[in-house]
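Asker: Pasting model37.cif below, which is mmCIF, C-alpha atoms and all ligand atoms.
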data_target
#
loop_
_atom_site.label_atom_id
_atom_site.label_comp_id
_atom_site.auth_asym_id
_atom_site.auth_seq_id
_atom_site.Cartn_x
_atom_site.Cartn_y
_atom_site.Cartn_z
CA MET B 1 120.23 121.17 72.50
CA ASP B 2 119.57 120.10 76.13
CA GLY B 3 118.95 116.44 76.86
CA VAL B 4 120.46 114.84 73.72
CA ILE B 5 123.94 114.08 72.41
CA GLU B 6 124.19 115.45 68.89
CA SER B 7 125.69 113.13 66.28
CA SER B 8 129.27 114.42 65.85
CA ALA B 9 129.86 113.20 62.27
CA ALA B 10 129.14 115.72 59.51
CA SER B 11 126.92 114.10 56.86
CA GLY B 12 127.17 114.54 53.12
CA PRO B 13 124.44 114.05 50.49
CA HIS B 14 125.33 110.32 49.91
CA ASP B 15 125.87 109.35 53.56
CA PRO B 16 123.32 107.14 55.32
CA PRO B 17 120.91 109.04 57.55
CA ALA B 18 122.35 109.99 60.93
CA PRO B 19 121.27 107.74 63.82
CA PRO B 20 118.62 109.21 66.11
CA PRO B 21 120.07 111.27 68.98
CA VAL B 22 120.82 109.30 72.14
CA PRO B 23 118.93 110.72 75.12
CA VAL B 24 121.16 111.82 77.96
CA VAL B 25 119.90 111.00 81.42
CA PRO B 26 122.04 112.96 83.89
CA ASP B 27 123.21 111.21 87.07
CA LYS B 28 121.48 112.10 90.33
CA PRO B 29 122.69 111.95 93.94
CA THR B 30 120.95 109.68 96.44
CA SER B 31 119.71 112.64 98.47
CA ALA B 32 117.75 114.08 95.52
CA SER B 33 114.97 111.51 95.89
CA ARG B 34 115.27 110.21 99.48
CA ILE B 35 111.98 110.56 101.38
CA THR B 36 110.29 109.82 104.70
CA LEU B 37 106.59 108.99 104.74
CA SER B 38 104.99 109.26 108.21
CA HIS B 39 101.71 107.67 109.23
CA ILE B 40 99.85 107.08 112.53
CA MET B 41 98.49 103.55 112.83
CA SER B 42 94.74 103.31 113.49
CA ALA B 43 92.30 100.63 114.61
CA HIS B 44 91.51 99.93 110.91
CA ASP B 45 95.07 98.65 110.44
CA THR B 46 95.00 95.73 112.89
CA ASN B 47 95.01 91.95 112.52
CA LEU B 48 93.26 89.42 114.78
CA LEU B 49 95.96 89.81 117.43
CA GLY B 50 95.33 93.57 117.67
CA THR B 51 98.72 94.50 116.24
CA VAL B 52 99.18 96.15 112.84
CA HIS B 53 98.68 93.88 109.83
CA GLY B 54 101.87 93.18 107.85
CA GLY B 55 100.07 94.05 104.62
CA VAL B 56 99.41 97.58 105.90
CA VAL B 57 103.14 98.07 106.47
CA MET B 58 103.91 96.56 103.05
CA LYS B 59 101.52 99.04 101.38
CA LEU B 60 103.29 101.94 103.08
CA VAL B 61 106.66 100.50 102.03
CA ASP B 62 105.49 100.18 98.41
CA ASP B 63 104.05 103.73 98.50
CA ALA B 64 107.28 105.24 99.83
CA ALA B 65 109.46 103.26 97.41
CA GLY B 66 107.19 104.26 94.52
CA ALA B 67 107.50 107.93 95.45
CA VAL B 68 111.32 107.62 95.48
CA ALA B 69 111.37 105.75 92.16
CA GLY B 70 109.12 108.37 90.53
CA ARG B 71 111.25 111.23 91.83
CA HIS B 72 114.55 109.63 90.87
CA SER B 73 113.43 108.61 87.37
CA GLU B 74 111.28 111.73 86.88
CA GLY B 75 108.32 109.76 85.59
CA PRO B 76 106.23 106.66 86.14
CA ALA B 77 107.82 103.56 87.60
CA VAL B 78 106.23 100.22 88.51
CA THR B 79 107.05 97.70 91.24
CA GLY B 80 108.94 94.85 89.55
CA ALA B 81 109.87 92.90 92.65
CA MET B 82 109.72 93.19 96.40
CA ASP B 83 112.09 91.02 98.40
CA GLU B 84 113.64 90.60 101.81
CA MET B 85 110.62 92.18 103.50
CA ALA B 86 111.46 91.68 107.18
CA PHE B 87 109.13 92.41 110.09
CA LEU B 88 111.37 92.90 113.10
CA GLU B 89 109.00 94.13 115.84
CA PRO B 90 105.20 94.39 116.18
CA VAL B 91 103.55 97.74 115.42
CA ARG B 92 100.58 98.88 117.55
CA VAL B 93 97.64 101.19 117.14
CA GLY B 94 98.71 104.78 117.85
CA ASP B 95 102.35 104.22 116.89
CA LEU B 96 103.79 106.83 114.53
CA LEU B 97 105.53 105.02 111.65
CA HIS B 98 108.27 106.68 109.63
CA VAL B 99 108.94 104.90 106.34
CA LYS B 100 112.37 105.97 105.06
CA ALA B 101 113.22 105.16 101.45
CA GLN B 102 116.09 105.84 99.07
CA VAL B 103 117.54 104.61 95.79
CA ASN B 104 120.29 102.11 96.66
CA TRP B 105 121.32 101.12 93.15
CA THR B 106 120.44 101.76 89.52
CA GLY B 107 120.71 99.56 86.43
CA THR B 108 119.67 100.54 82.92
CA THR B 109 115.93 100.80 83.51
CA SER B 110 115.57 99.41 87.04
CA MET B 111 116.30 100.79 90.48
CA GLU B 112 116.63 99.08 93.84
CA ILE B 113 114.89 101.07 96.55
CA GLY B 114 115.81 100.33 100.14
CA VAL B 115 113.18 100.99 102.79
CA ARG B 116 113.59 101.16 106.57
CA VAL B 117 110.53 101.48 108.82
CA VAL B 118 110.89 102.91 112.32
CA ALA B 119 108.17 103.37 114.93
CA GLU B 120 107.77 106.04 117.56
CA ARG B 121 105.67 104.32 120.21
CA TRP B 122 102.53 106.20 121.16
CA ASN B 123 103.21 105.65 124.89
CA GLU B 124 107.00 106.01 125.03
CA SER B 125 109.33 108.96 124.55
CA GLY B 126 112.42 106.87 123.76
CA PRO B 127 114.14 106.79 120.40
CA ALA B 128 112.27 105.39 117.40
CA GLN B 129 112.64 101.63 117.00
CA GLN B 130 113.26 99.89 113.68
CA VAL B 131 110.29 97.59 112.97
CA ALA B 132 110.72 96.53 109.34
CA SER B 133 112.92 96.74 106.26
CA ALA B 134 112.58 95.81 102.60
CA TYR B 135 114.24 96.01 99.20
CA LEU B 136 112.15 96.69 96.11
CA VAL B 137 112.98 96.75 92.42
CA PHE B 138 111.16 99.44 90.46
CA VAL B 139 111.28 99.69 86.69
CA ALA B 140 110.82 103.09 85.05
CA VAL B 141 108.30 102.88 82.22
CA ASP B 142 107.20 105.10 79.34
CA ALA B 143 103.64 105.89 78.26
CA GLU B 144 103.33 102.41 76.67
CA GLY B 145 104.53 100.68 79.84
CA LYS B 146 107.90 99.82 78.26
CA PRO B 147 111.07 100.11 80.37
CA ARG B 148 112.91 103.45 79.90
CA PRO B 149 116.42 104.49 81.01
CA VAL B 150 116.92 105.85 84.51
CA PRO B 151 119.55 108.30 85.80
CA GLN B 152 122.47 106.57 87.51
CA VAL B 153 122.37 107.13 91.24
CA VAL B 154 125.49 108.69 92.74
CA PRO B 155 126.04 107.47 96.31
CA GLU B 156 127.14 110.36 98.54
CA THR B 157 128.17 108.82 101.84
CA ASP B 158 130.01 105.68 102.98
CA ARG B 159 126.65 104.25 104.01
CA ASP B 160 125.20 104.96 100.54
CA ARG B 161 128.23 103.27 98.98
CA ARG B 162 127.82 100.20 101.22
CA ARG B 163 124.12 100.04 100.26
CA TRP B 164 125.02 100.28 96.55
CA GLN B 165 127.50 97.38 96.91
CA GLU B 166 125.00 95.24 98.84
CA ALA B 167 122.29 96.02 96.26
CA GLN B 168 124.63 94.86 93.49
CA ILE B 169 125.04 91.52 95.34
CA ARG B 170 121.25 91.17 95.67
CA ARG B 171 120.83 91.98 91.98
CA THR B 172 123.35 89.28 91.00
CA HIS B 173 121.56 86.73 93.17
CA ARG B 174 118.09 87.74 91.87
CA LEU B 175 119.14 87.28 88.27
CA ALA B 176 120.96 83.99 89.00
CA ARG B 177 117.94 82.63 90.89
CA ARG B 178 115.59 83.61 88.07
CA ARG B 179 117.86 82.02 85.45
CA ALA B 180 118.16 78.79 87.49
CA ILE B 181 114.38 78.50 87.89
CA VAL B 182 113.73 79.19 84.19
CA GLU B 183 116.31 76.52 83.30
CA LEU B 184 114.80 73.96 85.72
CA ARG B 185 111.32 74.54 84.26
CA ARG B 186 112.71 74.22 80.72
CA GLN B 187 114.33 70.89 81.63
CA ARG B 188 111.16 69.57 83.27
CA ALA B 189 109.09 70.59 80.24
CA ALA B 190 111.62 68.87 77.94
CA GLU B 191 111.22 65.68 80.05
CA GLY B 192 107.48 65.90 79.49
CA LEU B 193 106.70 66.66 83.12
CA ASP B 194 103.46 68.61 83.11
CA ASP B 195 102.81 70.45 86.36
C1 LIG U 201 108.36 95.35 85.46
C2 LIG U 201 108.14 95.25 83.94
C3 LIG U 201 107.95 96.66 83.34
C4 LIG U 201 109.43 94.64 83.34
O1 LIG U 201 109.19 94.49 81.98
P1 LIG U 201 110.10 93.50 81.08
O2 LIG U 201 109.63 93.58 79.70
O3 LIG U 201 110.22 92.20 81.78
O4 LIG U 201 111.45 94.28 81.15
P2 LIG U 201 112.94 93.77 80.94
O5 LIG U 201 113.07 92.28 80.88
O6 LIG U 201 113.45 94.58 79.80
O7 LIG U 201 113.60 94.26 82.30
C5 LIG U 201 113.65 95.64 82.63
C6 LIG U 201 114.46 95.80 83.89
O8 LIG U 201 113.73 95.25 84.98
C7 LIG U 201 114.50 94.29 85.63
N1 LIG U 201 113.58 93.25 86.09
C8 LIG U 201 112.54 92.73 85.41
N2 LIG U 201 111.90 91.81 86.15
C9 LIG U 201 112.56 91.77 87.34
C10 LIG U 201 112.39 91.01 88.53
N3 LIG U 201 111.42 90.11 88.68
N4 LIG U 201 113.26 91.22 89.54
C11 LIG U 201 114.23 92.13 89.42
N5 LIG U 201 114.45 92.88 88.32
C12 LIG U 201 113.62 92.69 87.29
C13 LIG U 201 115.48 93.79 84.58
O9 LIG U 201 116.63 93.22 85.17
C14 LIG U 201 115.80 95.08 83.85
O10 LIG U 201 116.70 95.88 84.62
P3 LIG U 201 117.85 96.77 83.93
O11 LIG U 201 117.24 97.46 82.72
O12 LIG U 201 118.22 97.77 84.99
O13 LIG U 201 118.96 95.85 83.58
C15 LIG U 201 106.93 94.37 83.56
O14 LIG U 201 107.18 93.04 83.99
C16 LIG U 201 105.66 94.87 84.20
O15 LIG U 201 105.04 95.80 83.70
N6 LIG U 201 105.24 94.24 85.32
C17 LIG U 201 104.05 94.67 86.03
C18 LIG U 201 104.42 95.76 87.03
C19 LIG U 201 103.26 96.21 87.87
O16 LIG U 201 102.17 96.37 87.39
N7 LIG U 201 103.54 96.42 89.15
C20 LIG U 201 102.55 96.83 90.10
C21 LIG U 201 102.15 95.67 90.94
S1 LIG U 201 100.49 95.18 90.64
#
Would you mind giving the structure from this file in structure tokens?
Ligand SMILES: CC(C)(COP(=O)(O)OP(=O)(O)OC[C@H]1O[C@@H](n2cnc3c(N)ncnc32)[C@H](O)[C@@H]1OP(=O)(O)O)[C@@H](O)C(=O)NCCC(=O)NCCS

Answerer:
Amino acid sequence: MDGVIESSAASGPHDPPAPPPVPVVPDKPTSASRITLSHIMSAHDTNLLGTVHGGVVMKLVDDAAGAVAGRHSEGPAVTGAMDEMAFLEPVRVGDLLHVKAQVNWTGTTSMEIGVRVVAERWNESGPAQQVASAYLVFVAVDAEGKPRPVPQVVPETDRDRRRWQEAQIRRTHRLARRRAIVELRRQRAAEGLDD
């Protein structure tokens, strides 16, 4: 049968019932879900300075990363964390933004999506300029909103492999930071500090 590993042991009449089949989630290459979302900035997108609001760029980043996560995991996925959002250059009305996103790393149910935002200036013909970057963790979920397994991503190029290694470092730091904060709060609560 496609999609499951059959239990290999033959069962007799007095054997315990066979365990449920383990779903197989085949690996997928990075290129299978990589996307570019393009958008022209309008006057509705500006802040008080007349440049594009950071939140507008963040929404596009989340949209692109969500599309990649859905394609890679072949189902719904939610934003679990967004970190290292960097705004490198201002974006202006009329600029054509290209939001490039790919799966950098996969865990059991989570994926790190790397996003790079480049702008083609409305009044220049030079090469597109990088204006922002971000790393997001998406968690694939089932119909009840519970985490579900994701295919392992298979990096295809040296750059993909470097991104996978860097994502693994970020993952280690994220988990360590979360553990340290949980432990600090536990200690403070144990000392009766109520904040
Ligand atoms: C994301 C969510 C599904 C995680 O659920 P959970 O019960 O905490 O799941 P788990 O603890 O089993 O963690 C599942 C995976 O997510 C990862 N994860 C969970 N919280 C994370 C965080 N803050 N940062 C990074 N990774 C995180 C875990 O490491 C784990 O990864 P792995 O399976 O690859 O090892 C849940 O918190 C949720 O539904 N959040 C709301 C998401 C949402 O609505 N987003 C839209 C923004 S409004």

Asker: Neighbours of Asn123 of chain B within 12 Å (only C-alpha atoms; same-chain residues fewer than 6 positions away dropped), as number ranges by chain?

Answerer: B: 92-96

Asker: Calculate how many Å separate atom CA of Glu120 of chain B from atom CA of Val61 of chain B, rounding to one decimal.

Answerer: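 Spanning atom CA of Glu120 of chain B to atom CA of Val61 of chain B is a straight-line distance of 16.5 Å.
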
Asker: If we count all atoms listed in the file and set the cut-off at 9 Å, which residues sit around Gln129 of chain B, ignoring sequence neighbours fewer than 5 positions away in its own chain? Please answer as a PyMOL selection string.

Answerer: chain B and resi 89+117-121

Asker: If we count all atoms listed in the file, what is near Val99 of chain B at a cut-off of 7 Å, once residues fewer than 2 positions away on the same chain are taken out, given as JSON, numbers by chain?

Answerer: {"B": [36, 37, 38, 61, 64, 97, 101, 115, 116, 117, 118]}

Asker: Work out how far atom CA of Thr79 of chain B is from atom N7 of ligand LIG 201 (chain U), in Å to one decimal.

Answerer: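 Interatomic distance here is 4.3 Å.
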
Asker: Can you work out which one of B:Arg178, B:His14, B:His173, B:Arg34 has the shortest atom-to-atom distance to Ala69 of chain B, counting only C-alpha atoms?

Answerer: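 Nearest candidate to Ala69 of chain B out of B:Arg178, B:His14, B:His173, B:Arg34: B:Arg34.
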
Asker: Around ligand LIG 201 (chain U), which protein and nucleic acid residues have at least one atom no more than 10 Å from it, if we count all atoms listed in the file? List them as number ranges by chain.

Answerer: B: 62, 66, 77-83, 105-112, 136-142, 144-150, 170-175, 177-178

Asker: Could you work out how far atom CA of Asn47 of chain B lies from atom CA of Pro90 of chain B, giving the answer in Å with one decimal?

Answerer: 11.1 Å

Asker: Can you pull out the residues contacting Val153 of chain B? Cut-off 6 Å, using all atoms listed in the file, and skip same-chain residues under 6 positions away; I want them as a PDB file with C-alpha atoms, in the coordinates of the input.

Answerer:
ATOM      1  CA  ASP B  27     123.210 111.210  87.070  1.00  0.00           C
ATOM      2  CA  LYS B  28     121.480 112.100  90.330  1.00  0.00           C
ATOM      3  CA  PRO B  29     122.690 111.950  93.940  1.00  0.00           C
ATOM      4  CA  THR B  30     120.950 109.680  96.440  1.00  0.00           C
ATOM      5  CA  THR B 106     120.440 101.760  89.520  1.00  0.00           C
TER       6      THR B 106
END

Asker: Of the residues B:Pro76, B:Val91, B:Gly114, B:Glu84, which is the one nearest to His39 of chain B, using all atoms listed in the file?

Answerer: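 Checking each candidate against His39 of chain B, we get B:Val91 as the closest.
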